[in-house]
file model-v3.cif (mmCIF, C-alpha atoms (C1' of nucleotides))
data_run
#
loop_
_atom_site.label_atom_id
_atom_site.label_comp_id
_atom_site.auth_asym_id
_atom_site.auth_seq_id
_atom_site.Cartn_x
_atom_site.Cartn_y
_atom_site.Cartn_z
CA MET G 198 30.54 51.03 107.77
CA SER G 199 33.26 52.80 105.88
CA VAL G 200 36.07 50.40 106.72
CA PRO G 201 34.79 46.88 107.27
CA LEU G 202 35.70 45.54 110.64
CA TYR G 203 37.54 42.54 109.30
CA GLN G 204 39.72 44.85 107.24
CA ALA G 205 40.61 46.93 110.28
CA LYS G 206 41.55 43.71 112.04
CA ALA G 207 43.71 42.63 109.16
CA GLU G 208 45.52 45.97 109.23
CA LEU G 209 46.08 45.63 112.93
CA PHE G 210 47.73 42.24 112.55
CA ARG G 211 49.67 43.26 109.51
CA THR G 212 51.16 46.06 111.56
CA LEU G 213 52.65 43.38 113.79
CA GLY G 214 53.91 41.41 110.83
CA HIS G 215 57.46 42.69 110.81
CA PRO G 216 60.39 41.54 112.95
CA VAL G 217 61.59 45.01 113.84
CA ARG G 218 58.14 46.18 114.84
CA ILE G 219 57.62 43.11 117.01
CA ARG G 220 60.91 43.70 118.77
CA VAL G 221 60.07 47.33 119.39
CA LEU G 222 56.77 46.42 120.99
CA GLU G 223 58.39 43.78 123.13
CA LEU G 224 61.03 46.19 124.33
CA LEU G 225 58.38 48.77 125.15
CA GLN G 226 56.52 46.29 127.32
CA ASP G 227 58.97 47.14 130.10
CA GLY G 228 58.11 50.83 129.88
CA PRO G 229 58.90 53.88 127.72
CA LYS G 230 62.26 53.96 126.00
CA PRO G 231 64.19 56.48 123.91
CA VAL G 232 64.89 55.69 120.29
CA ARG G 233 68.56 55.48 121.24
CA ASP G 234 67.95 52.41 123.34
CA LEU G 235 65.78 50.73 120.72
CA LEU G 236 68.46 51.39 118.17
CA ALA G 237 71.13 49.89 120.41
CA ALA G 238 69.02 46.76 120.97
CA ILE G 239 67.74 46.02 117.50
CA ASP G 240 70.56 46.21 114.94
CA VAL G 241 68.87 48.15 112.20
CA GLU G 242 69.63 51.48 110.54
CA ALA G 243 68.31 54.56 112.27
CA SER G 244 66.19 55.60 109.31
CA ASN G 245 64.71 52.15 108.99
CA LEU G 246 63.82 52.02 112.65
CA SER G 247 62.26 55.43 112.32
CA GLN G 248 60.12 54.19 109.45
CA GLN G 249 58.92 51.21 111.45
CA LEU G 250 58.17 53.44 114.42
CA ALA G 251 56.11 55.62 112.11
CA VAL G 252 54.10 52.57 111.05
CA LEU G 253 53.40 51.73 114.68
CA ARG G 254 52.48 55.33 115.40
CA ARG G 255 50.08 55.54 112.46
CA ALA G 256 48.44 52.32 113.61
CA GLY G 257 47.98 53.85 117.03
CA MET G 258 49.94 51.18 118.85
CA VAL G 259 52.62 53.47 120.27
CA THR G 260 52.88 57.11 121.21
CA SER G 261 55.95 59.32 121.26
CA TYR G 262 57.04 62.46 123.01
CA ARG G 263 60.17 64.46 123.25
CA ASP G 264 62.21 64.52 126.42
CA GLY G 265 64.97 67.05 126.02
CA PRO G 266 67.25 65.84 123.25
CA LEU G 267 65.65 62.37 123.15
CA VAL G 268 62.44 61.08 121.64
CA MET G 269 60.65 58.59 123.84
CA TYR G 270 58.27 55.85 122.72
CA ALA G 271 55.67 53.99 124.75
CA LEU G 272 52.87 51.50 124.17
CA SER G 273 49.65 53.41 123.68
CA THR G 274 47.71 50.78 125.63
CA PRO G 275 48.76 47.82 127.75
CA ASP G 276 46.40 45.67 125.67
CA VAL G 277 49.23 45.47 123.17
CA ALA G 278 51.12 43.33 125.63
CA ASP G 279 48.14 40.97 125.81
CA LEU G 280 48.16 40.57 122.08
CA LEU G 281 51.84 39.72 122.09
CA ALA G 282 51.26 37.21 124.85
CA ALA G 283 48.44 35.58 122.89
CA GLY G 284 50.77 35.37 119.91
CA ARG G 285 53.38 33.64 122.00
CA ARG G 286 50.84 31.06 123.13
CA ILE G 287 49.72 30.24 119.62
CA LEU G 288 53.22 30.11 118.37
CA GLY G 289 53.84 27.47 120.98
CA ALA G 290 50.78 25.46 119.99
CA VAL G 291 51.44 25.69 116.29
CA LEU G 292 55.14 24.96 116.51
CA THR G 293 54.74 21.90 118.69
CA ASP G 294 52.12 20.57 116.28
CA ARG G 295 54.46 21.15 113.43
CA ASP G 296 57.37 19.55 115.20
CA ALA G 297 55.21 16.55 116.02
CA LEU G 298 54.47 16.23 112.33
CA LEU G 299 58.12 16.57 111.46
CA ASP G 300 59.06 13.89 113.95
CA GLU G 301 56.39 11.65 112.47
CA LEU G 302 57.83 12.15 109.02
CA ARG G 303 61.37 11.54 110.14
CA ALA G 304 60.39 8.35 111.92
CA GLY G 305 59.00 7.03 108.66
CA GLY G 306 55.29 7.63 108.40
CA PRO G 307 52.42 5.26 107.60
CA ASP G 308 53.05 5.69 103.89
CA ARG G 309 56.19 6.51 102.07
CA MET V 235 66.50 27.61 116.89
CA SER V 236 67.00 28.10 113.18
CA VAL V 237 64.58 31.00 112.84
CA PRO V 238 64.81 33.76 115.46
CA LEU V 239 61.78 33.85 117.68
CA TYR V 240 60.78 37.40 116.83
CA GLN V 241 60.79 36.51 113.17
CA ALA V 242 58.51 33.54 113.75
CA LYS V 243 56.19 35.85 115.64
CA ALA V 244 56.18 38.37 112.83
CA GLU V 245 55.27 35.61 110.38
CA LEU V 246 52.46 34.48 112.60
CA PHE V 247 50.94 37.94 112.69
CA ARG V 248 51.53 38.56 109.02
CA THR V 249 49.52 35.43 108.31
CA LEU V 250 46.59 37.15 109.98
CA GLY V 251 47.17 40.35 108.05
CA HIS V 252 44.67 39.78 105.28
CA PRO V 253 40.91 40.41 105.32
CA VAL V 254 39.98 37.11 103.70
CA ARG V 255 42.16 35.11 106.04
CA ILE V 256 40.71 36.90 109.06
CA ARG V 257 37.18 36.15 107.91
CA VAL V 258 38.00 32.52 107.34
CA LEU V 259 39.37 32.14 110.84
CA GLU V 260 36.37 33.87 112.35
CA LEU V 261 33.99 31.64 110.45
CA LEU V 262 35.89 28.56 111.57
CA GLN V 263 35.57 29.55 115.20
CA ASP V 264 32.08 28.03 115.12
CA GLY V 265 33.44 24.69 113.97
CA PRO V 266 34.71 23.00 110.79
CA LYS V 267 33.24 24.19 107.51
CA PRO V 268 33.49 23.12 103.87
CA VAL V 269 35.10 25.47 101.37
CA ARG V 270 31.66 25.83 99.80
CA ASP V 271 30.33 27.62 102.85
CA LEU V 272 33.35 29.86 103.19
CA LEU V 273 33.02 30.77 99.57
CA ALA V 274 29.35 31.61 100.00
CA ALA V 275 30.11 33.80 103.01
CA ILE V 276 33.16 35.72 101.84
CA ASP V 277 32.64 37.10 98.32
CA VAL V 278 35.96 36.24 96.76
CA GLU V 279 36.91 34.10 93.80
CA ALA V 280 37.34 30.42 94.45
CA SER V 281 40.95 30.42 93.38
CA ASN V 282 41.75 33.35 95.59
CA LEU V 283 40.13 31.75 98.60
CA SER V 284 42.01 28.57 97.89
CA GLN V 285 45.28 30.45 97.92
CA GLN V 286 44.50 32.16 101.19
CA LEU V 287 43.54 28.81 102.69
CA ALA V 288 46.88 27.48 101.54
CA VAL V 289 48.62 30.31 103.39
CA LEU V 290 46.75 29.45 106.58
CA ARG V 291 47.55 25.78 106.12
CA ARG V 292 51.26 26.43 105.61
CA ALA V 293 51.26 28.54 108.75
CA GLY V 294 49.70 25.68 110.65
CA MET V 295 46.65 27.65 111.73
CA VAL V 296 44.09 25.45 110.01
CA THR V 297 43.87 21.83 108.95
CA SER V 298 41.86 20.35 106.11
CA TYR V 299 40.43 16.98 105.25
CA ARG V 300 38.20 15.60 102.60
CA ASP V 301 34.66 14.54 103.40
CA GLY V 302 33.21 12.90 100.33
CA PRO V 303 33.02 15.51 97.61
CA LEU V 304 33.75 18.39 100.00
CA VAL V 305 36.96 19.68 101.54
CA MET V 306 36.55 20.69 105.14
CA TYR V 307 38.64 23.21 107.05
CA ALA V 308 39.02 23.62 110.81
CA LEU V 309 41.13 25.64 113.22
CA SER V 310 44.19 23.62 114.16
CA THR V 311 44.01 24.89 117.74
CA PRO V 312 41.42 26.82 119.71
CA ASP V 313 44.17 29.24 120.74
CA VAL V 314 43.59 30.93 117.41
CA ALA V 315 40.25 32.15 118.73
CA ASP V 316 42.06 33.72 121.70
CA LEU V 317 44.33 35.62 119.39
CA LEU V 318 41.38 36.96 117.42
CA ALA V 319 39.69 37.99 120.65
CA ALA V 320 42.82 39.80 121.80
CA GLY V 321 42.90 41.58 118.45
CA ARG V 322 39.32 42.68 118.88
CA ARG V 323 40.13 44.16 122.28
CA ILE V 324 43.04 46.18 121.01
CA LEU V 325 41.13 47.32 118.01
CA GLY V 326 38.56 48.70 120.41
CA ALA V 327 41.17 50.54 122.45
CA VAL V 328 43.03 51.89 119.45
CA LEU V 329 39.97 52.89 117.45
CA THR V 330 38.30 54.80 120.23
CA ASP V 331 41.49 56.76 120.70
CA ARG V 332 41.64 57.47 117.02
CA ASP V 333 37.97 58.37 116.75
CA ALA V 334 38.36 60.82 119.58
CA LEU V 335 41.11 62.45 117.55
CA LEU V 336 39.03 62.42 114.38
CA ASP V 337 36.07 63.97 116.09
CA GLU V 338 38.35 66.63 117.36
CA LEU V 339 39.69 67.33 113.89
CA ARG V 340 36.51 67.44 111.86
CA ALA V 341 33.46 68.79 113.80
CA GLY V 342 31.53 68.41 110.61
CA GLY V 343 29.61 66.37 108.09
CA PRO V 344 29.70 62.68 107.45
CA ASP V 345 31.83 61.72 104.48
CA ARG V 346 34.13 58.87 103.42
"C1'" DT P 69 75.52 82.36 115.29
"C1'" DA P 70 77.32 77.93 114.16
"C1'" DC P 71 77.62 73.13 115.12
"C1'" DC P 72 76.53 68.51 116.59
"C1'" DG P 73 73.82 64.66 118.17
"C1'" DA P 74 69.15 62.56 117.83
"C1'" DG P 75 65.47 61.41 114.82
"C1'" DT P 76 62.48 62.00 110.86
"C1'" DT P 77 61.05 62.32 106.10
"C1'" DG P 78 60.97 61.71 100.90
"C1'" DA P 79 62.03 59.20 97.10
"C1'" DA P 80 63.89 55.30 94.32
"C1'" DG P 81 64.70 50.48 93.80
"C1'" DG P 82 63.95 45.85 94.63
"C1'" DA P 83 61.48 42.19 96.77
"C1'" DT P 84 56.82 40.21 98.15
"C1'" DT P 85 51.92 39.74 97.87
"C1'" DT P 86 47.73 39.62 95.82
"C1'" DC P 87 44.42 38.71 92.12
"C1'" DG P 88 42.07 36.72 88.27
"C1'" DC P 89 42.25 33.56 84.50
"C1'" DA P 90 43.08 29.21 82.59
"C1'" DA P 91 43.99 24.58 83.25
"C1'" DG P 92 44.25 20.52 86.20
"C1'" DT P 93 42.90 16.86 90.03
"C1'" DG P 94 39.42 14.11 92.78
"C1'" DC P 95 35.16 12.36 93.80
"C1'" DT P 96 30.40 10.83 92.57
"C1'" DA P 97 26.53 10.00 89.85
"C1'" DA P 98 24.45 8.74 85.48
"C1'" DT D 245 32.89 6.11 80.60
"C1'" DT D 246 31.41 10.64 80.52
"C1'" DA D 247 29.83 14.66 82.87
"C1'" DG D 248 29.91 17.83 86.47
"C1'" DC D 249 30.69 19.81 90.89
"C1'" DA D 250 34.35 21.05 94.29
"C1'" DC D 251 38.65 22.71 94.78
"C1'" DT D 252 43.57 23.53 93.74
"C1'" DT D 253 47.58 25.02 91.10
"C1'" DG D 254 50.46 27.76 87.68
"C1'" DC D 255 51.29 32.00 86.06
"C1'" DG D 256 51.70 36.78 84.72
"C1'" DA D 257 50.24 41.69 85.90
"C1'" DA D 258 49.32 45.00 89.36
"C1'" DA D 259 49.55 46.57 93.95
"C1'" DT D 260 52.10 46.79 98.30
"C1'" DC D 261 55.95 46.57 101.28
"C1'" DC D 262 60.81 47.05 102.67
"C1'" DT D 263 65.30 49.08 102.60
"C1'" DT D 264 68.58 52.54 101.81
"C1'" DC D 265 70.44 57.15 100.78
"C1'" DA D 266 70.26 61.89 101.06
"C1'" DA D 267 68.32 65.81 102.97
"C1'" DC D 268 65.90 67.86 106.65
"C1'" DT D 269 64.08 69.38 111.60
"C1'" DC D 270 64.69 70.03 116.48
"C1'" DG D 271 67.42 70.82 120.95
"C1'" DG D 272 71.29 71.78 123.35
"C1'" DT D 273 75.80 73.94 123.53
"C1'" DA D 274 79.88 76.65 122.59
#
call {"tool": "encode", "arguments": {"input": "model-v3.cif", "output": "structure tokens"}}
result
Amino acid sequence: MSVPLYQAKAELFRTLGHPVRIRVLELLQDGPKPVRDLLAAIDVEASNLSQQLAVLRRAGMVTSYRDGPLVMYALSTPDVADLLAAGRRILGAVLTDRDALLDELRAGGPDR
Amino acid sequence: MSVPLYQAKAELFRTLGHPVRIRVLELLQDGPKPVRDLLAAIDVEASNLSQQLAVLRRAGMVTSYRDGPLVMYALSTPDVADLLAAGRRILGAVLTDRDALLDELRAGGPDR
DNA sequence: TACCGAGTTGAAGGATTTCGCAAGTGCTAA
DNA sequence: TTAGCACTTGCGAAATCCTTCAACTCGGTA
């Protein structure tokens, strides 16, 4: 195979590995939105947002189309929302584990 | 919360954004494994693997313990497997879309 | 036509990551 | 104690990513 599967997977996840891109995807979960709205919600420069949108477009995670004077973006497949949800679940699991460890340390662990 | 949620999410996904780390997690889905085995399966230098394992450890996605002369690694939570599965699903959706486009573009010989 | 708002693109820089080598730690057996 | 396997860590060099600025395209409107 030309691009090993595990490399394609890594690229997929790396695409999500940026705060602005995550926020865009989360905002688009509620339906298509114009760049205007994303820009108003995210606090980032227009050109920067545009660059991040381009990354998401190249990765095939969003699609865009023009609606009069506005450019609209939408998730290319609802599966993206599943992935975000799975991420939320893990984040919960991992963070509680870490907090448990922190609490253990703070309480004065078995060895010091 | 000290770190905004969307940033924590981005870090989580970025952790998965590396071929070696993806392979490690997939191999660990079948149960704990010593570094030896990972090394034999992945084709990467020992020091490099060690560094990627350290990244996964810091992110809280795997745990390690020593068993005699070997160091064992395991997924810290089975939720990680869910995330990988979700990734696989999206990859399917996104790649078929893209392949359809590619086929449309080239109508010709196999290369790359 | 000229102009303006909405987005995009290209390029430069600075910041992060990644990689391989060399050196170091831990455990076990001789 | 010495040797040796199993890993890990420190550290530059190279590759990659992120951000910003300036310039550009596209629609709508006067």
call {"tool": "residues_around", "arguments": {"input": "model-v3.cif", "residues": "range 272-289 of chain G", "least_positions_apart": "3", "cutoff": "6 Å", "atoms": "all atoms listed in the file", "output": "PyMOL selection string"}}
result
(chain G and resi 258-260+292) or (chain V and resi 313+317+320+324)
call {"tool": "residues_around", "arguments": {"input": "model-v3.cif", "residues": "range 249-260 of chain D", "least_positions_apart": "5", "cutoff": "9 Å", "atoms": "all atoms listed in the file", "output": "PyMOL selection string"}}
result
(chain V and resi 269-270+280-281+284-285+303-305) or (chain P and resi 84-87+91-95)
call {"tool": "calpha_fit_rmsd", "arguments": {"input": "model-v3.cif", "fixed": "chain G", "moving": "chain V"}}
result
3.9 Å
call {"tool": "interface_residues", "arguments": {"input": "model-v3.cif", "of": "chain D", "to": "chain G", "cutoff": "8 Å", "atoms": "all atoms listed in the file", "output": "MDAnalysis selection string"}}
result
chainID D and resid 263 271:272
call {"tool": "write_last_selection", "arguments": {"input": "model-v3.cif", "atoms": "C-alpha atoms (C1' of nucleotides)", "output": "JSON list (two decimals), in the frame of the given file"}}
result
[["chain", "number", "residue", "atom", "x", "y", "z"],
["D", 263, "DT", "C1'", 65.30, 49.08, 102.60],
["D", 271, "DG", "C1'", 67.42, 70.82, 120.95],
["D", 272, "DG", "C1'", 71.29, 71.78, 123.35]]
call {"tool": "resolve_selection", "arguments": {"input": "model-v3.cif", "expression": "the PyMOL selection byres ((chain G and resi 206) around 8)", "output": "ChimeraX atom specification"}}
result
/G:202-205,207-210 /V:251,253,256,321-322,325
call {"tool": "write_last_selection", "arguments": {"input": "model-v3.cif", "atoms": "C-alpha atoms", "output": "PDB file, in the frame of the given file"}}
result
ATOM      1  CA  LEU G 202      35.700  45.540 110.640  1.00  0.00           C
ATOM      2  CA  TYR G 203      37.540  42.540 109.300  1.00  0.00           C
ATOM      3  CA  GLN G 204      39.720  44.850 107.240  1.00  0.00           C
ATOM      4  CA  ALA G 205      40.610  46.930 110.280  1.00  0.00           C
ATOM      5  CA  ALA G 207      43.710  42.630 109.160  1.00  0.00           C
ATOM      6  CA  GLU G 208      45.520  45.970 109.230  1.00  0.00           C
ATOM      7  CA  LEU G 209      46.080  45.630 112.930  1.00  0.00           C
ATOM      8  CA  PHE G 210      47.730  42.240 112.550  1.00  0.00           C
TER       9      PHE G 210
ATOM     10  CA  GLY V 251      47.170  40.350 108.050  1.00  0.00           C
ATOM     11  CA  PRO V 253      40.910  40.410 105.320  1.00  0.00           C
ATOM     12  CA  ILE V 256      40.710  36.900 109.060  1.00  0.00           C
ATOM     13  CA  GLY V 321      42.900  41.580 118.450  1.00  0.00           C
ATOM     14  CA  ARG V 322      39.320  42.680 118.880  1.00  0.00           C
ATOM     15  CA  LEU V 325      41.130  47.320 118.010  1.00  0.00           C
TER      16      LEU V 325
END
call {"tool": "closest_atom_pairs", "arguments": {"input": "model-v3.cif", "of": "chain P", "to": "chain G", "cutoff": "10 Å", "atoms": "all atoms listed in the file", "output": "Markdown table"}}
result
| residue | atom | partner | partner_atom | distance |
| --- | --- | --- | --- | --- |
| P:DG73 | C1' | G:Pro266 | CA | 8.4 |
| P:DA74 | C1' | G:Leu267 | CA | 6.4 |
| P:DG75 | C1' | G:Ser247 | CA | 7.2 |
| P:DT76 | C1' | G:Ser247 | CA | 6.7 |
| P:DT77 | C1' | G:Gln248 | CA | 8.8 |
call {"tool": "atom_distance", "arguments": {"input": "model-v3.cif", "atom1": "CA of Leu224 in chain G", "atom2": "CA of Arg255 in chain G"}}
result
18.7 Å
call {"tool": "atom_distance", "arguments": {"input": "model-v3.cif", "atom1": "CA of Met269 in chain G", "atom2": "CA of Val217 in chain G"}}
result
16.9 Å
call {"tool": "atom_distance", "arguments": {"input": "model-v3.cif", "atom1": "CA of Leu250 in chain V", "atom2": "CA of Leu272 in chain V"}}
result
16.6 Å
call {"tool": "closest_residue", "arguments": {"input": "model-v3.cif", "among": "G:Pro229, G:Asp234, G:Ala271, G:Ala290", "to": "chain V", "atoms": "only C-alpha atoms"}}
result
G:Ala290
